[in-house]
Amino acid sequence: MKRYRTRRPVGALLALTAAGGLLLTGCGGGDDAAQGAKDTAADSRGGYAPAPDGPRGGTSTGEAGETGGNGDSREVAPDPDHLSTFALDVDTASYGYARRTLSEGRLPDPSTVRPEEFVNSFRQDYDRPDGDGFTVSVDGARTDEEDWSLVRVGLATRTAERSGERPPAALTFVIDVSGSMGEPGRLDLAQDSLATMTDQLRDDDSVALVTFSDEAETVLPMTRLGDHRGRVHGAIDSLEPTDSTNLGAGVETGYDTAVEGRREGVTNRVVLVSDALANTGDTDADTILERIADERREHGITLFGVGVGSDYGDALMERLADKGDGHTTYVSDAEDAREVFCEQLPRHIELTARDAKAQVAFDPETVAEFRLVGYDNRQVADEDFRDDRVDGGEVGPGHTVTALYAVRTRPGADGHLATATVRWLDPGSRTPHEESGDVETDALGDSVWEADRGLRVTATAAYFADALRSSSSSSSSSSSHDGDTRHGSLPGAPGLGELAERAGFLAGRTEDEDVRRLAEAIGTANRLT
């Protein structure tokens, strides 16, 4: 399958956009623009730019030419609007928590299923850049539904193994030691993983440790590892569960400790490990984050959230990470813990791009309608794509970001299909950069199920998430001729039974353990529906 990748200077892109009658201008705003950006993104349900003579403020919902209802990403963008803009997201917590829930014989609450986090949980083999920033790859294949295809936009940062060392890190671990963390697979996993990671960090890295239950305590102030690893191990080993969960006190004390131990020229980060079941003190994300907003803006200390436990406050943890300019993941077993603390967290220490946003322009000559799968709370208004005061996503080395679109092409369509552009700021100089990639209609594969491994895995994960989001609604389920119940609204969606078989076949062909676990989760969901 052909992939197209094009490098364009920022000025040339602006000129092309203006010539097309879709000049994107930054919206006005004062000092609060950056602070409120994530709220803006969450509230701009769709953020599709209008046609030159159309009304301002498009929406992602509704059939062509009319406005839809609930802002769900599974609905259809209106005609003639053919832009889709969103902030990048590398969270994976939703998929990990869904797998944990299914393993306990329960279907996940549809509100906790975020399709982009399912899709981004799997390794992709996109080309990578030599330096900071991104490469852009665009490909796709046709579904079993007439005129509908799945189009994949893939973004990749450089590998983490690039020559040259990352800056030192100052990490403040904020550990939940409330009574609920006594359940196996919570605090014990965190302790084992922190101990392993402590041995792998560099001598010039620093670590602080804050615990919280009904109150918060700084167990270990910021300590340069060097010859002090024994002291850090002793603090980790001393942790044991106690009382209730005052998450607000933990986050506030954690940021106070991080600011106090902040080092110039290093990456300063707070790592929150919790089941996020706040039941004492402030339990609202906005109230909690309000307390540390000044320190976060002034010092650039971001949040990495690690969720644990079968009962997990998914919504609260996600909002904390979003408002803390960070990311979330979920740990369900020792294997997950090793991956998160020994692989994912080191990748999050260094940044290669700040405020990264993507915009996909679909060609109205070939595209009748499209749907972005997920990213419901990461939408950005189209006119804010090049407004660098509007917050985007922070991405480090070794990451890939995938966005999947369901696209209905016009009958007989031939030629340019879409152009995807990613914009980011250099993490040091904050200089803006852009990279683009294109795809033509003749590059679409004949079948999603005969595409390359990456696109098939992406489609499988997206279909799975869509089915779980729809599993509680009988109106969105149907039966095939062989009795296989189908859920979801993505075009070409197979039944969960067929999807499990396809995932199992793909896992066998690729010998990919992650895909095998995906197939098992789909099979479990099929038995539970």
# chains A, B, ... in the order shown; residues from 1 in each chain; ligands from 1
call {"tool": "select_by_dssp", "arguments": {"residues": "segment 169-363 of chain A", "states": "strand (DSSP E or B)", "output": "ChimeraX atom specification"}}
result
/A:169-176,206-212,216-224,267-274,302-308,327-331,353-362
call {"tool": "select_by_dssp", "arguments": {"residues": "segment 250-490 of chain A", "states": "helix (DSSP H, G or I)", "output": "PyMOL selection string"}}
result
chain A and resi 250-260+285-299+314-323+334-349+382-384+441-443+448-450+453-470+474-476
call {"tool": "closest_residue", "arguments": {"among": "A:Asp81, A:Thr159, A:Ile301, A:Gly234", "to": "Asp363 of chain A", "atoms": "only C-alpha atoms"}}
result
A:Asp81
call {"tool": "closest_residue", "arguments": {"among": "A:Pro168, A:Gly250, A:Gly261, A:Gly415", "to": "Ile349 of chain A", "atoms": "only C-alpha atoms"}}
result
A:Pro168
call {"tool": "residues_around", "arguments": {"residues": "Leu88 of chain A", "least_positions_apart": "4", "cutoff": "12 Å", "atoms": "only C-alpha atoms", "output": "PyMOL selection string"}}
result
chain A and resi 38+41+116-117+120+134+153-156+322+325-327+353-359+374-380+385+391-396+399-403+421-424
call {"tool": "write_last_selection", "arguments": {"atoms": "C-alpha atoms", "output": "PDB file, in the first residue's frame"}}
result
ATOM      1  CA  LYS A  38      -7.887  22.155  27.142  1.00  0.00           C
ATOM      2  CA  ALA A  41     -10.797  21.576  23.259  1.00  0.00           C
ATOM      3  CA  GLU A 116      -8.266   6.567  20.588  1.00  0.00           C
ATOM      4  CA  GLU A 117      -6.722   5.015  23.712  1.00  0.00           C
ATOM      5  CA  ASN A 120      -2.872   3.983  20.577  1.00  0.00           C
ATOM      6  CA  PHE A 134       7.062  14.089  13.660  1.00  0.00           C
ATOM      7  CA  VAL A 153      -3.273   9.024  10.049  1.00  0.00           C
ATOM      8  CA  GLY A 154      -0.036   7.974  11.724  1.00  0.00           C
ATOM      9  CA  LEU A 155       2.348  10.324  13.519  1.00  0.00           C
ATOM     10  CA  ALA A 156       5.696   9.234  14.934  1.00  0.00           C
ATOM     11  CA  ASP A 322      -5.514  16.538  30.827  1.00  0.00           C
ATOM     12  CA  ASP A 325      -0.642  18.776  30.655  1.00  0.00           C
ATOM     13  CA  GLY A 326       0.160  15.102  30.982  1.00  0.00           C
ATOM     14  CA  HIS A 327      -0.830  11.556  30.148  1.00  0.00           C
ATOM     15  CA  ALA A 353       7.149  18.313  20.909  1.00  0.00           C
ATOM     16  CA  ARG A 354       4.946  20.698  22.875  1.00  0.00           C
ATOM     17  CA  ASP A 355       1.357  21.709  22.135  1.00  0.00           C
ATOM     18  CA  ALA A 356       1.101  19.292  19.227  1.00  0.00           C
ATOM     19  CA  LYS A 357      -2.098  19.409  17.160  1.00  0.00           C
ATOM     20  CA  ALA A 358      -3.230  17.636  14.024  1.00  0.00           C
ATOM     21  CA  GLN A 359      -5.527  18.843  11.276  1.00  0.00           C
ATOM     22  CA  GLY A 374     -12.571   8.947  19.352  1.00  0.00           C
ATOM     23  CA  TYR A 375     -10.703  12.069  20.516  1.00  0.00           C
ATOM     24  CA  ASP A 376     -14.042  13.391  21.798  1.00  0.00           C
ATOM     25  CA  ASN A 377     -12.446  15.505  24.530  1.00  0.00           C
ATOM     26  CA  ARG A 378      -9.402  16.490  22.449  1.00  0.00           C
ATOM     27  CA  GLN A 379     -11.222  18.409  19.725  1.00  0.00           C
ATOM     28  CA  VAL A 380      -9.781  21.815  18.799  1.00  0.00           C
ATOM     29  CA  PHE A 385      -4.877  25.038  14.704  1.00  0.00           C
ATOM     30  CA  ASP A 391      -2.960  24.021  24.186  1.00  0.00           C
ATOM     31  CA  GLY A 392      -2.148  20.802  22.362  1.00  0.00           C
ATOM     32  CA  GLY A 393      -0.531  17.560  23.455  1.00  0.00           C
ATOM     33  CA  GLU A 394       2.968  16.953  24.821  1.00  0.00           C
ATOM     34  CA  VAL A 395       4.772  14.038  23.154  1.00  0.00           C
ATOM     35  CA  GLY A 396       8.142  12.436  23.866  1.00  0.00           C
ATOM     36  CA  HIS A 399       5.857   7.550  20.595  1.00  0.00           C
ATOM     37  CA  THR A 400       3.367   6.984  17.827  1.00  0.00           C
ATOM     38  CA  VAL A 401      -0.058   8.624  17.617  1.00  0.00           C
ATOM     39  CA  THR A 402      -2.800   7.179  15.428  1.00  0.00           C
ATOM     40  CA  ALA A 403      -6.074   8.770  14.360  1.00  0.00           C
ATOM     41  CA  THR A 421      -0.812  18.154   8.973  1.00  0.00           C
ATOM     42  CA  VAL A 422       0.726  18.096  12.436  1.00  0.00           C
ATOM     43  CA  ARG A 423       1.884  21.318  14.112  1.00  0.00           C
ATOM     44  CA  TRP A 424       4.050  21.456  17.206  1.00  0.00           C
TER      45      TRP A 424
END
call {"tool": "atom_distance", "arguments": {"atom1": "atom CA of Thr223 of chain A", "atom2": "atom CA of Ser206 of chain A"}}
result
5.1 Å
call {"tool": "residues_around", "arguments": {"residues": "segment 190-205 of chain A", "least_positions_apart": "3", "cutoff": "10 Å", "atoms": "only C-alpha atoms", "output": "PyMOL selection string"}}
result
chain A and resi 167-171+173+175-176+181+185-187+222-230+232-240+266-267+273-274+306+308+331+334-343+345-346
call {"tool": "decode", "arguments": {"residues": "segment 502-513 of chain A", "atoms": "N, CA, C and O atoms", "output": "compact mmCIF listing (two decimals), in the first residue's frame"}}
result
# COMPACT_ATOMS: atom_id res chain seq x y z
N ARG A 502 -10.74 -12.84 13.83
CA ARG A 502 -9.79 -12.11 13.01
C ARG A 502 -8.58 -11.67 13.84
O ARG A 502 -7.43 -11.72 13.38
N ALA A 503 -8.83 -11.23 15.07
CA ALA A 503 -7.72 -10.82 15.93
C ALA A 503 -6.86 -12.02 16.29
O ALA A 503 -5.62 -11.92 16.33
N GLY A 504 -7.49 -13.15 16.55
CA GLY A 504 -6.73 -14.36 16.86
C GLY A 504 -5.86 -14.80 15.70
O GLY A 504 -4.70 -15.19 15.87
N PHE A 505 -6.42 -14.73 14.49
CA PHE A 505 -5.65 -15.09 13.30
C PHE A 505 -4.47 -14.14 13.12
O PHE A 505 -3.34 -14.56 12.82
N LEU A 506 -4.72 -12.84 13.34
CA LEU A 506 -3.66 -11.85 13.19
C LEU A 506 -2.57 -12.07 14.24
O LEU A 506 -1.38 -11.94 13.95
N ALA A 507 -2.98 -12.41 15.47
CA ALA A 507 -1.99 -12.66 16.52
C ALA A 507 -1.12 -13.86 16.17
O ALA A 507 0.09 -13.86 16.40
N GLY A 508 -1.74 -14.89 15.60
CA GLY A 508 -0.98 -16.07 15.20
C GLY A 508 0.00 -15.77 14.08
O GLY A 508 1.14 -16.26 14.09
N ARG A 509 -0.43 -14.97 13.12
CA ARG A 509 0.43 -14.65 11.99
C ARG A 509 1.61 -13.78 12.41
O ARG A 509 2.73 -13.93 11.91
N THR A 510 1.36 -12.85 13.31
CA THR A 510 2.40 -11.90 13.69
C THR A 510 3.16 -12.32 14.94
O THR A 510 4.20 -11.74 15.25
N GLU A 511 2.63 -13.32 15.67
CA GLU A 511 3.21 -13.74 16.96
C GLU A 511 3.37 -12.55 17.90
O GLU A 511 4.36 -12.41 18.61
N ASP A 512 2.38 -11.70 17.87
CA ASP A 512 2.38 -10.48 18.67
C ASP A 512 1.57 -10.72 19.94
O ASP A 512 0.35 -10.96 19.89
N GLU A 513 2.24 -10.65 21.09
CA GLU A 513 1.58 -10.91 22.36
C GLU A 513 0.49 -9.89 22.66
O GLU A 513 -0.56 -10.21 23.21
